[in-house]
$ cat my_file-v8.pdb   # PDB, C-alpha atoms and all ligand atoms
ATOM      1  CA  MET Q   1    -126.640 209.297  83.677  1.00  0.00           C
ATOM      2  CA  VAL Q   2    -129.711 209.912  81.545  1.00  0.00           C
ATOM      3  CA  ASP Q   3    -132.906 208.900  83.271  1.00  0.00           C
ATOM      4  CA  ALA Q   4    -135.540 206.877  81.442  1.00  0.00           C
ATOM      5  CA  THR Q   5    -137.964 209.774  81.052  1.00  0.00           C
ATOM      6  CA  ASP Q   6    -135.399 211.907  79.227  1.00  0.00           C
ATOM      7  CA  LEU Q   7    -134.385 209.002  77.068  1.00  0.00           C
ATOM      8  CA  TYR Q   8    -138.008 208.316  76.146  1.00  0.00           C
ATOM      9  CA  GLN Q   9    -138.542 211.995  75.402  1.00  0.00           C
ATOM     10  CA  GLU Q  10    -135.584 211.879  73.068  1.00  0.00           C
ATOM     11  CA  ILE Q  11    -136.851 208.802  71.222  1.00  0.00           C
ATOM     12  CA  ILE Q  12    -140.254 210.437  70.698  1.00  0.00           C
ATOM     13  CA  MET Q  13    -138.689 213.676  69.453  1.00  0.00           C
ATOM     14  CA  ASP Q  14    -136.492 211.757  67.084  1.00  0.00           C
ATOM     15  CA  HIS Q  15    -139.454 209.894  65.570  1.00  0.00           C
ATOM     16  CA  THR Q  16    -141.445 213.141  65.329  1.00  0.00           C
ATOM     17  CA  LYS Q  17    -138.673 215.003  63.560  1.00  0.00           C
ATOM     18  CA  SER Q  18    -137.760 212.211  61.184  1.00  0.00           C
ATOM     19  CA  PRO Q  19    -140.653 209.766  61.015  1.00  0.00           C
ATOM     20  CA  ARG Q  20    -139.695 206.332  59.674  1.00  0.00           C
ATOM     21  CA  ASN Q  21    -141.515 204.845  56.671  1.00  0.00           C
ATOM     22  CA  TYR Q  22    -143.288 208.133  56.064  1.00  0.00           C
ATOM     23  CA  GLN Q  23    -144.623 207.890  52.526  1.00  0.00           C
ATOM     24  CA  ARG Q  24    -147.523 206.692  50.445  1.00  0.00           C
ATOM     25  CA  LEU Q  25    -147.059 203.072  49.421  1.00  0.00           C
ATOM     26  CA  GLU Q  26    -148.105 202.902  45.785  1.00  0.00           C
ATOM     27  CA  ASP Q  27    -148.471 199.139  45.622  1.00  0.00           C
ATOM     28  CA  ALA Q  28    -150.139 198.714  49.020  1.00  0.00           C
ATOM     29  CA  ASP Q  29    -152.664 195.890  49.183  1.00  0.00           C
ATOM     30  CA  HIS Q  30    -154.282 197.183  52.388  1.00  0.00           C
ATOM     31  CA  GLU Q  31    -154.844 200.706  53.586  1.00  0.00           C
ATOM     32  CA  ALA Q  32    -157.004 202.538  56.099  1.00  0.00           C
ATOM     33  CA  GLN Q  33    -157.514 206.030  57.370  1.00  0.00           C
ATOM     34  CA  GLY Q  34    -157.725 207.093  60.982  1.00  0.00           C
ATOM     35  CA  ASP Q  35    -159.110 210.195  62.531  1.00  0.00           C
ATOM     36  CA  ASN Q  36    -158.835 211.488  66.094  1.00  0.00           C
ATOM     37  CA  PRO Q  37    -161.188 214.491  66.227  1.00  0.00           C
ATOM     38  CA  LEU Q  38    -160.310 215.148  69.852  1.00  0.00           C
ATOM     39  CA  CYS Q  39    -156.872 216.383  68.828  1.00  0.00           C
ATOM     40  CA  GLY Q  40    -157.239 216.800  65.053  1.00  0.00           C
ATOM     41  CA  ASP Q  41    -154.905 213.940  64.144  1.00  0.00           C
ATOM     42  CA  GLU Q  42    -155.416 212.262  60.781  1.00  0.00           C
ATOM     43  CA  LEU Q  43    -153.378 209.502  59.280  1.00  0.00           C
ATOM     44  CA  THR Q  44    -153.311 206.839  56.614  1.00  0.00           C
ATOM     45  CA  VAL Q  45    -151.621 203.463  57.048  1.00  0.00           C
ATOM     46  CA  TYR Q  46    -150.478 201.488  53.987  1.00  0.00           C
ATOM     47  CA  LEU Q  47    -149.645 197.805  54.108  1.00  0.00           C
ATOM     48  CA  LYS Q  48    -148.213 195.276  51.759  1.00  0.00           C
ATOM     49  CA  LEU Q  49    -148.538 191.682  52.873  1.00  0.00           C
ATOM     50  CA  ASP Q  50    -146.587 188.705  51.665  1.00  0.00           C
ATOM     51  CA  GLY Q  51    -148.801 185.795  52.688  1.00  0.00           C
ATOM     52  CA  ASP Q  52    -149.198 186.276  56.443  1.00  0.00           C
ATOM     53  CA  THR Q  53    -146.207 188.542  56.827  1.00  0.00           C
ATOM     54  CA  VAL Q  54    -146.157 192.325  56.762  1.00  0.00           C
ATOM     55  CA  GLU Q  55    -143.662 192.949  54.034  1.00  0.00           C
ATOM     56  CA  GLU Q  56    -143.963 196.712  54.041  1.00  0.00           C
ATOM     57  CA  ILE Q  57    -145.800 199.272  56.133  1.00  0.00           C
ATOM     58  CA  THR Q  58    -145.824 203.025  55.655  1.00  0.00           C
ATOM     59  CA  PHE Q  59    -147.940 205.954  56.774  1.00  0.00           C
ATOM     60  CA  GLU Q  60    -148.772 209.564  56.094  1.00  0.00           C
ATOM     61  CA  ALA Q  61    -149.998 211.805  58.870  1.00  0.00           C
ATOM     62  CA  ASP Q  62    -151.186 215.232  59.726  1.00  0.00           C
ATOM     63  CA  GLY Q  63    -151.251 215.370  63.472  1.00  0.00           C
ATOM     64  CA  CYS Q  64    -149.529 216.061  66.747  1.00  0.00           C
ATOM     65  CA  ALA Q  65    -146.095 214.867  67.830  1.00  0.00           C
ATOM     66  CA  ILE Q  66    -147.413 211.900  69.801  1.00  0.00           C
ATOM     67  CA  SER Q  67    -149.578 210.561  66.964  1.00  0.00           C
ATOM     68  CA  THR Q  68    -146.750 210.882  64.447  1.00  0.00           C
ATOM     69  CA  ALA Q  69    -144.131 209.367  66.762  1.00  0.00           C
ATOM     70  CA  SER Q  70    -146.428 206.498  67.651  1.00  0.00           C
ATOM     71  CA  ALA Q  71    -147.111 205.715  63.978  1.00  0.00           C
ATOM     72  CA  SER Q  72    -143.401 205.874  63.177  1.00  0.00           C
ATOM     73  CA  VAL Q  73    -142.472 203.541  66.049  1.00  0.00           C
ATOM     74  CA  MET Q  74    -145.322 201.252  65.009  1.00  0.00           C
ATOM     75  CA  THR Q  75    -144.090 200.833  61.434  1.00  0.00           C
ATOM     76  CA  GLU Q  76    -140.665 199.810  62.707  1.00  0.00           C
ATOM     77  CA  ALA Q  77    -142.145 197.388  65.219  1.00  0.00           C
ATOM     78  CA  VAL Q  78    -144.512 195.753  62.753  1.00  0.00           C
ATOM     79  CA  GLU Q  79    -142.481 195.382  59.583  1.00  0.00           C
ATOM     80  CA  GLY Q  80    -141.498 191.786  58.935  1.00  0.00           C
ATOM     81  CA  ARG Q  81    -143.876 190.335  61.527  1.00  0.00           C
ATOM     82  CA  GLU Q  82    -146.630 187.824  60.979  1.00  0.00           C
ATOM     83  CA  VAL Q  83    -150.192 189.150  61.104  1.00  0.00           C
ATOM     84  CA  ASP Q  84    -151.087 187.113  64.252  1.00  0.00           C
ATOM     85  CA  ASP Q  85    -148.062 188.553  65.943  1.00  0.00           C
ATOM     86  CA  VAL Q  86    -149.008 192.069  64.872  1.00  0.00           C
ATOM     87  CA  GLU Q  87    -152.499 191.630  66.347  1.00  0.00           C
ATOM     88  CA  ASP Q  88    -150.942 190.634  69.678  1.00  0.00           C
ATOM     89  CA  LEU Q  89    -148.696 193.666  69.508  1.00  0.00           C
ATOM     90  CA  ILE Q  90    -151.690 195.958  68.906  1.00  0.00           C
ATOM     91  CA  ASP Q  91    -153.271 194.614  72.115  1.00  0.00           C
ATOM     92  CA  THR Q  92    -150.004 194.940  74.016  1.00  0.00           C
ATOM     93  CA  PHE Q  93    -149.582 198.539  72.925  1.00  0.00           C
ATOM     94  CA  GLN Q  94    -153.154 199.424  73.883  1.00  0.00           C
ATOM     95  CA  ALA Q  95    -152.580 197.873  77.321  1.00  0.00           C
ATOM     96  CA  LEU Q  96    -149.267 199.684  77.659  1.00  0.00           C
ATOM     97  CA  VAL Q  97    -150.551 203.204  77.016  1.00  0.00           C
ATOM     98  CA  THR Q  98    -153.652 202.693  79.130  1.00  0.00           C
ATOM     99  CA  GLY Q  99    -151.480 201.568  82.043  1.00  0.00           C
ATOM    100  CA  GLU Q 100    -152.671 198.008  82.458  1.00  0.00           C
ATOM    101  CA  GLU Q 101    -150.696 196.186  85.089  1.00  0.00           C
ATOM    102  CA  GLU Q 102    -149.909 193.244  82.880  1.00  0.00           C
ATOM    103  CA  ALA Q 103    -148.334 195.482  80.244  1.00  0.00           C
ATOM    104  CA  ASN Q 104    -146.388 197.441  82.831  1.00  0.00           C
ATOM    105  CA  ALA Q 105    -144.715 194.202  83.841  1.00  0.00           C
ATOM    106  CA  ILE Q 106    -143.159 193.764  80.383  1.00  0.00           C
ATOM    107  CA  ASP Q 107    -139.426 194.336  80.280  1.00  0.00           C
ATOM    108  CA  PRO Q 108    -138.781 197.639  78.435  1.00  0.00           C
ATOM    109  CA  ALA Q 109    -135.897 195.959  76.596  1.00  0.00           C
ATOM    110  CA  GLU Q 110    -138.425 193.688  74.926  1.00  0.00           C
ATOM    111  CA  LEU Q 111    -140.462 196.643  73.724  1.00  0.00           C
ATOM    112  CA  GLY Q 112    -137.679 198.664  72.118  1.00  0.00           C
ATOM    113  CA  ASP Q 113    -138.816 202.150  71.097  1.00  0.00           C
ATOM    114  CA  LEU Q 114    -142.410 201.243  71.935  1.00  0.00           C
ATOM    115  CA  ALA Q 115    -141.458 201.615  75.582  1.00  0.00           C
ATOM    116  CA  ALA Q 116    -140.964 205.328  74.953  1.00  0.00           C
ATOM    117  CA  LEU Q 117    -144.712 205.725  74.603  1.00  0.00           C
ATOM    118  CA  ARG Q 118    -145.408 204.106  77.960  1.00  0.00           C
ATOM    119  CA  ASN Q 119    -145.460 207.545  79.608  1.00  0.00           C
ATOM    120  CA  VAL Q 120    -148.583 208.403  77.651  1.00  0.00           C
ATOM    121  CA  GLN Q 121    -150.520 206.500  80.323  1.00  0.00           C
ATOM    122  CA  ASN Q 122    -149.910 209.511  82.579  1.00  0.00           C
ATOM    123  CA  PHE Q 123    -151.670 211.801  80.101  1.00  0.00           C
ATOM    124  CA  PRO Q 124    -155.164 210.359  79.497  1.00  0.00           C
ATOM    125  CA  THR Q 125    -156.036 212.981  76.882  1.00  0.00           C
ATOM    126  CA  ARG Q 126    -153.106 211.854  74.741  1.00  0.00           C
ATOM    127  CA  VAL Q 127    -153.884 208.133  74.818  1.00  0.00           C
ATOM    128  CA  LYS Q 128    -156.041 208.436  71.686  1.00  0.00           C
ATOM    129  CA  CYS Q 129    -153.213 210.235  69.883  1.00  0.00           C
ATOM    130  CA  ALA Q 130    -150.938 207.299  70.643  1.00  0.00           C
ATOM    131  CA  THR Q 131    -153.420 204.566  69.764  1.00  0.00           C
ATOM    132  CA  LEU Q 132    -154.792 206.129  66.560  1.00  0.00           C
ATOM    133  CA  SER Q 133    -152.211 204.585  64.239  1.00  0.00           C
ATOM    134  CA  TRP Q 134    -152.662 201.181  65.896  1.00  0.00           C
ATOM    135  CA  HIS Q 135    -156.447 201.265  65.466  1.00  0.00           C
ATOM    136  CA  THR Q 136    -155.880 202.275  61.867  1.00  0.00           C
ATOM    137  CA  LEU Q 137    -153.411 199.436  61.355  1.00  0.00           C
ATOM    138  CA  LYS Q 138    -155.997 197.005  62.688  1.00  0.00           C
ATOM    139  CA  ALA Q 139    -158.604 198.364  60.258  1.00  0.00           C
ATOM    140  CA  ALA Q 140    -156.125 198.046  57.394  1.00  0.00           C
ATOM    141  CA  LEU Q 141    -155.402 194.420  58.314  1.00  0.00           C
ATOM    142  CA  GLU Q 142    -159.101 193.664  58.496  1.00  0.00           C
ATOM    143  CA  GLY Q 143    -159.606 195.298  55.128  1.00  0.00           C
ATOM    144  CA  GLU Q 144    -162.152 197.830  56.311  1.00  0.00           C
ATOM    145  CA  ASP Q 145    -162.594 200.692  53.916  1.00  0.00           C
ATOM    146  CA  GLU Q 146    -164.185 203.134  56.288  1.00  0.00           C
ATOM    147  CA  THR Q 147    -162.248 205.710  58.203  1.00  0.00           C
ATOM    148  CA  VAL Q 148    -161.764 204.646  61.812  1.00  0.00           C
ATOM    149  CA  THR Q 149    -162.266 207.233  64.440  1.00  0.00           C
ATOM    150  CA  THR Q 150    -161.256 207.259  68.073  1.00  0.00           C
ATOM    151  CA  GLU Q 151    -164.607 208.861  68.964  1.00  0.00           C
TER
HETATM  152 ZN    ZN W 201    -152.850 214.159  68.887  1.00  0.00          ZN
END
$ encode --input "my_file-v8.pdb" --output "structure tokens" --more "lines below"
Ligand code: ZN
Amino acid sequence: MVDATDLYQEIIMDHTKSPRNYQRLEDADHEAQGDNPLCGDELTVYLKLDGDTVEEITFEADGCAISTASASVMTEAVEGREVDDVEDLIDTFQALVTGEEEANAIDPAELGDLAALRNVQNFPTRVKCATLSWHTLKAALEGEDETVTTE
């Protein structure tokens, strides 16, 4: 039997090797850049909204495995959701990787591949790698033009 840690490792490796939705979105109506100087991760998130729904989300990144995997998992989790829902998910993810009790109580089955990043809470220096894409998504939704930084 495969234990959860190995399974999570596998999910992260899979998203790192073949990131989902990895491309520039030419007709994006929202985009933002994120920068994590601590690790050297940089990424851009592109969004196309249809009313209040995220119709399409893509990203481009130059960063470590965790930042790329997190962005890839994020695009899959967010596509097709309503903006309010996405904002809740951003908070949930932040709570999850920082090890908040409330988030740890969530059933992994409900989180899908997001659960794979839960282990990041054991590596405080990598938390910013994991949250970078989510901060950038938030900036894109809010229509901020400036680059967000984790510092
Ligand atoms: Zn990183």
$ closest_atom_pairs --input "my_file-v8.pdb" --of "chain Q" --to "ligand ZN 201 (chain W)" --cutoff "10 Å" --atoms "all atoms listed in the file" --output "Markdown table"
| residue | atom | partner | partner_atom | distance |
| --- | --- | --- | --- | --- |
| Q:Asp35 | CA | W:ZN201 | ZN | 9.8 |
| Q:Asn36 | CA | W:ZN201 | ZN | 7.1 |
| Q:Pro37 | CA | W:ZN201 | ZN | 8.8 |
| Q:Leu38 | CA | W:ZN201 | ZN | 7.6 |
| Q:Cys39 | CA | W:ZN201 | ZN | 4.6 |
| Q:Gly40 | CA | W:ZN201 | ZN | 6.4 |
| Q:Asp41 | CA | W:ZN201 | ZN | 5.2 |
| Q:Glu42 | CA | W:ZN201 | ZN | 8.7 |
| Q:Asp62 | CA | W:ZN201 | ZN | 9.4 |
| Q:Gly63 | CA | W:ZN201 | ZN | 5.8 |
| Q:Cys64 | CA | W:ZN201 | ZN | 4.4 |
| Q:Ala65 | CA | W:ZN201 | ZN | 6.9 |
| Q:Ile66 | CA | W:ZN201 | ZN | 6.0 |
| Q:Ser67 | CA | W:ZN201 | ZN | 5.2 |
| Q:Thr68 | CA | W:ZN201 | ZN | 8.2 |
| Q:Thr125 | CA | W:ZN201 | ZN | 8.7 |
| Q:Arg126 | CA | W:ZN201 | ZN | 6.3 |
| Q:Val127 | CA | W:ZN201 | ZN | 8.5 |
| Q:Lys128 | CA | W:ZN201 | ZN | 7.1 |
| Q:Cys129 | CA | W:ZN201 | ZN | 4.1 |
| Q:Ala130 | CA | W:ZN201 | ZN | 7.3 |
| Q:Thr131 | CA | W:ZN201 | ZN | 9.6 |
| Q:Leu132 | CA | W:ZN201 | ZN | 8.6 |
$ residues_around --input "my_file-v8.pdb" --residues "Glu87 (chain Q)" --least-positions-apart "2" --cutoff "12 Å" --atoms "all atoms listed in the file" --output "number ranges by chain"
Q: 52-54, 77-78, 81-85, 89-94, 134-135, 137-142
$ atom_distance --input "my_file-v8.pdb" --atom1 "CA of Val73 (chain Q)" --atom2 "CA of Met13 (chain Q)"
11.3 Å
$ residues_near_point --input "my_file-v8.pdb" --point "(-148.6, 202.6, 81.2)" --cutoff "9 Å" --atoms "all atoms listed in the file" --output "NGL selection string"
:Q and (95-101 or 103-104 or 117-122)
$ write_last_selection --input "my_file-v8.pdb" --atoms "C-alpha atoms" --output "CSV table (one decimal), in the coordinates of the input"
chain,number,residue,atom,x,y,z
Q,95,ALA,CA,-152.6,197.9,77.3
Q,96,LEU,CA,-149.3,199.7,77.7
Q,97,VAL,CA,-150.6,203.2,77.0
Q,98,THR,CA,-153.7,202.7,79.1
Q,99,GLY,CA,-151.5,201.6,82.0
Q,100,GLU,CA,-152.7,198.0,82.5
Q,101,GLU,CA,-150.7,196.2,85.1
Q,103,ALA,CA,-148.3,195.5,80.2
Q,104,ASN,CA,-146.4,197.4,82.8
Q,117,LEU,CA,-144.7,205.7,74.6
Q,118,ARG,CA,-145.4,204.1,78.0
Q,119,ASN,CA,-145.5,207.5,79.6
Q,120,VAL,CA,-148.6,208.4,77.7
Q,121,GLN,CA,-150.5,206.5,80.3
Q,122,ASN,CA,-149.9,209.5,82.6
$ atom_distance --input "my_file-v8.pdb" --atom1 "CA of Leu25 (chain Q)" --atom2 "CA of Glu10 (chain Q)"
27.7 Å
$ build_atoms --input "my_file-v8.pdb" --residues "region 46-72 of chain Q" --atoms "N, CA, C and O atoms" --output "PDB file, in the coordinates of the input"
ATOM      1  N   TYR Q  46    -150.569 202.328  55.195  1.00  0.00           N
ATOM      2  CA  TYR Q  46    -150.478 201.488  53.987  1.00  0.00           C
ATOM      3  C   TYR Q  46    -149.736 200.207  54.337  1.00  0.00           C
ATOM      4  O   TYR Q  46    -148.709 200.252  55.012  1.00  0.00           O
ATOM      5  N   LEU Q  47    -150.253 199.099  53.823  1.00  0.00           N
ATOM      6  CA  LEU Q  47    -149.645 197.805  54.108  1.00  0.00           C
ATOM      7  C   LEU Q  47    -149.456 197.006  52.848  1.00  0.00           C
ATOM      8  O   LEU Q  47    -150.297 197.037  51.946  1.00  0.00           O
ATOM      9  N   LYS Q  48    -148.385 196.266  52.815  1.00  0.00           N
ATOM     10  CA  LYS Q  48    -148.213 195.276  51.759  1.00  0.00           C
ATOM     11  C   LYS Q  48    -147.878 193.962  52.450  1.00  0.00           C
ATOM     12  O   LYS Q  48    -146.881 193.868  53.173  1.00  0.00           O
ATOM     13  N   LEU Q  49    -148.746 192.978  52.242  1.00  0.00           N
ATOM     14  CA  LEU Q  49    -148.538 191.682  52.873  1.00  0.00           C
ATOM     15  C   LEU Q  49    -147.919 190.705  51.885  1.00  0.00           C
ATOM     16  O   LEU Q  49    -148.180 190.760  50.690  1.00  0.00           O
ATOM     17  N   ASP Q  50    -147.116 189.813  52.443  1.00  0.00           N
ATOM     18  CA  ASP Q  50    -146.587 188.705  51.665  1.00  0.00           C
ATOM     19  C   ASP Q  50    -147.064 187.460  52.396  1.00  0.00           C
ATOM     20  O   ASP Q  50    -146.497 187.086  53.418  1.00  0.00           O
ATOM     21  N   GLY Q  51    -148.167 186.877  51.932  1.00  0.00           N
ATOM     22  CA  GLY Q  51    -148.801 185.795  52.688  1.00  0.00           C
ATOM     23  C   GLY Q  51    -149.295 186.360  54.011  1.00  0.00           C
ATOM     24  O   GLY Q  51    -150.080 187.297  54.018  1.00  0.00           O
ATOM     25  N   ASP Q  52    -148.781 185.813  55.124  1.00  0.00           N
ATOM     26  CA  ASP Q  52    -149.198 186.276  56.443  1.00  0.00           C
ATOM     27  C   ASP Q  52    -148.190 187.231  57.065  1.00  0.00           C
ATOM     28  O   ASP Q  52    -148.275 187.529  58.249  1.00  0.00           O
ATOM     29  N   THR Q  53    -147.256 187.680  56.280  1.00  0.00           N
ATOM     30  CA  THR Q  53    -146.207 188.542  56.827  1.00  0.00           C
ATOM     31  C   THR Q  53    -146.348 189.968  56.294  1.00  0.00           C
ATOM     32  O   THR Q  53    -146.650 190.170  55.118  1.00  0.00           O
ATOM     33  N   VAL Q  54    -146.137 190.922  57.189  1.00  0.00           N
ATOM     34  CA  VAL Q  54    -146.157 192.325  56.762  1.00  0.00           C
ATOM     35  C   VAL Q  54    -144.817 192.613  56.082  1.00  0.00           C
ATOM     36  O   VAL Q  54    -143.782 192.699  56.727  1.00  0.00           O
ATOM     37  N   GLU Q  55    -144.895 192.728  54.779  1.00  0.00           N
ATOM     38  CA  GLU Q  55    -143.662 192.949  54.034  1.00  0.00           C
ATOM     39  C   GLU Q  55    -143.245 194.415  54.114  1.00  0.00           C
ATOM     40  O   GLU Q  55    -142.077 194.743  54.279  1.00  0.00           O
ATOM     41  N   GLU Q  56    -144.251 195.279  53.988  1.00  0.00           N
ATOM     42  CA  GLU Q  56    -143.963 196.712  54.041  1.00  0.00           C
ATOM     43  C   GLU Q  56    -145.103 197.436  54.723  1.00  0.00           C
ATOM     44  O   GLU Q  56    -146.267 197.082  54.552  1.00  0.00           O
ATOM     45  N   ILE Q  57    -144.771 198.441  55.505  1.00  0.00           N
ATOM     46  CA  ILE Q  57    -145.800 199.272  56.133  1.00  0.00           C
ATOM     47  C   ILE Q  57    -145.309 200.718  56.137  1.00  0.00           C
ATOM     48  O   ILE Q  57    -144.165 200.987  56.490  1.00  0.00           O
ATOM     49  N   THR Q  58    -146.174 201.603  55.673  1.00  0.00           N
ATOM     50  CA  THR Q  58    -145.824 203.025  55.655  1.00  0.00           C
ATOM     51  C   THR Q  58    -147.034 203.824  56.130  1.00  0.00           C
ATOM     52  O   THR Q  58    -148.128 203.283  56.289  1.00  0.00           O
ATOM     53  N   PHE Q  59    -146.813 205.098  56.375  1.00  0.00           N
ATOM     54  CA  PHE Q  59    -147.940 205.954  56.774  1.00  0.00           C
ATOM     55  C   PHE Q  59    -147.712 207.390  56.328  1.00  0.00           C
ATOM     56  O   PHE Q  59    -146.587 207.784  56.006  1.00  0.00           O
ATOM     57  N   GLU Q  60    -148.820 208.113  56.283  1.00  0.00           N
ATOM     58  CA  GLU Q  60    -148.772 209.564  56.094  1.00  0.00           C
ATOM     59  C   GLU Q  60    -149.652 210.148  57.189  1.00  0.00           C
ATOM     60  O   GLU Q  60    -150.691 209.573  57.513  1.00  0.00           O
ATOM     61  N   ALA Q  61    -149.245 211.271  57.743  1.00  0.00           N
ATOM     62  CA  ALA Q  61    -149.998 211.805  58.870  1.00  0.00           C
ATOM     63  C   ALA Q  61    -150.015 213.314  58.878  1.00  0.00           C
ATOM     64  O   ALA Q  61    -149.104 213.970  58.384  1.00  0.00           O
ATOM     65  N   ASP Q  62    -151.095 213.816  59.464  1.00  0.00           N
ATOM     66  CA  ASP Q  62    -151.186 215.232  59.726  1.00  0.00           C
ATOM     67  C   ASP Q  62    -151.714 215.306  61.157  1.00  0.00           C
ATOM     68  O   ASP Q  62    -152.908 215.175  61.393  1.00  0.00           O
ATOM     69  N   GLY Q  63    -150.808 215.425  62.083  1.00  0.00           N
ATOM     70  CA  GLY Q  63    -151.251 215.370  63.472  1.00  0.00           C
ATOM     71  C   GLY Q  63    -150.176 215.830  64.433  1.00  0.00           C
ATOM     72  O   GLY Q  63    -149.139 216.347  64.019  1.00  0.00           O
ATOM     73  N   CYS Q  64    -150.432 215.600  65.697  1.00  0.00           N
ATOM     74  CA  CYS Q  64    -149.529 216.061  66.747  1.00  0.00           C
ATOM     75  C   CYS Q  64    -148.292 215.163  66.849  1.00  0.00           C
ATOM     76  O   CYS Q  64    -148.216 214.104  66.216  1.00  0.00           O
ATOM     77  N   ALA Q  65    -147.358 215.594  67.666  1.00  0.00           N
ATOM     78  CA  ALA Q  65    -146.095 214.867  67.830  1.00  0.00           C
ATOM     79  C   ALA Q  65    -146.305 213.438  68.297  1.00  0.00           C
ATOM     80  O   ALA Q  65    -145.683 212.505  67.776  1.00  0.00           O
ATOM     81  N   ILE Q  66    -147.200 213.246  69.252  1.00  0.00           N
ATOM     82  CA  ILE Q  66    -147.413 211.900  69.801  1.00  0.00           C
ATOM     83  C   ILE Q  66    -147.989 210.963  68.744  1.00  0.00           C
ATOM     84  O   ILE Q  66    -147.545 209.820  68.600  1.00  0.00           O
ATOM     85  N   SER Q  67    -148.956 211.443  67.965  1.00  0.00           N
ATOM     86  CA  SER Q  67    -149.578 210.561  66.964  1.00  0.00           C
ATOM     87  C   SER Q  67    -148.566 210.191  65.874  1.00  0.00           C
ATOM     88  O   SER Q  67    -148.529 209.045  65.414  1.00  0.00           O
ATOM     89  N   THR Q  68    -147.752 211.153  65.479  1.00  0.00           N
ATOM     90  CA  THR Q  68    -146.750 210.882  64.447  1.00  0.00           C
ATOM     91  C   THR Q  68    -145.662 209.945  64.979  1.00  0.00           C
ATOM     92  O   THR Q  68    -145.289 208.971  64.319  1.00  0.00           O
ATOM     93  N   ALA Q  69    -145.183 210.212  66.174  1.00  0.00           N
ATOM     94  CA  ALA Q  69    -144.131 209.367  66.762  1.00  0.00           C
ATOM     95  C   ALA Q  69    -144.640 207.939  66.955  1.00  0.00           C
ATOM     96  O   ALA Q  69    -143.933 206.975  66.656  1.00  0.00           O
ATOM     97  N   SER Q  70    -145.869 207.822  67.406  1.00  0.00           N
ATOM     98  CA  SER Q  70    -146.428 206.498  67.651  1.00  0.00           C
ATOM     99  C   SER Q  70    -146.543 205.708  66.344  1.00  0.00           C
ATOM    100  O   SER Q  70    -146.219 204.515  66.295  1.00  0.00           O
ATOM    101  N   ALA Q  71    -146.982 206.379  65.279  1.00  0.00           N
ATOM    102  CA  ALA Q  71    -147.111 205.715  63.978  1.00  0.00           C
ATOM    103  C   ALA Q  71    -145.733 205.297  63.458  1.00  0.00           C
ATOM    104  O   ALA Q  71    -145.553 204.200  62.917  1.00  0.00           O
ATOM    105  N   SER Q  72    -144.753 206.160  63.645  1.00  0.00           N
ATOM    106  CA  SER Q  72    -143.401 205.874  63.177  1.00  0.00           C
ATOM    107  C   SER Q  72    -142.808 204.661  63.912  1.00  0.00           C
ATOM    108  O   SER Q  72    -142.277 203.735  63.290  1.00  0.00           O
TER     109      SER Q  72
END
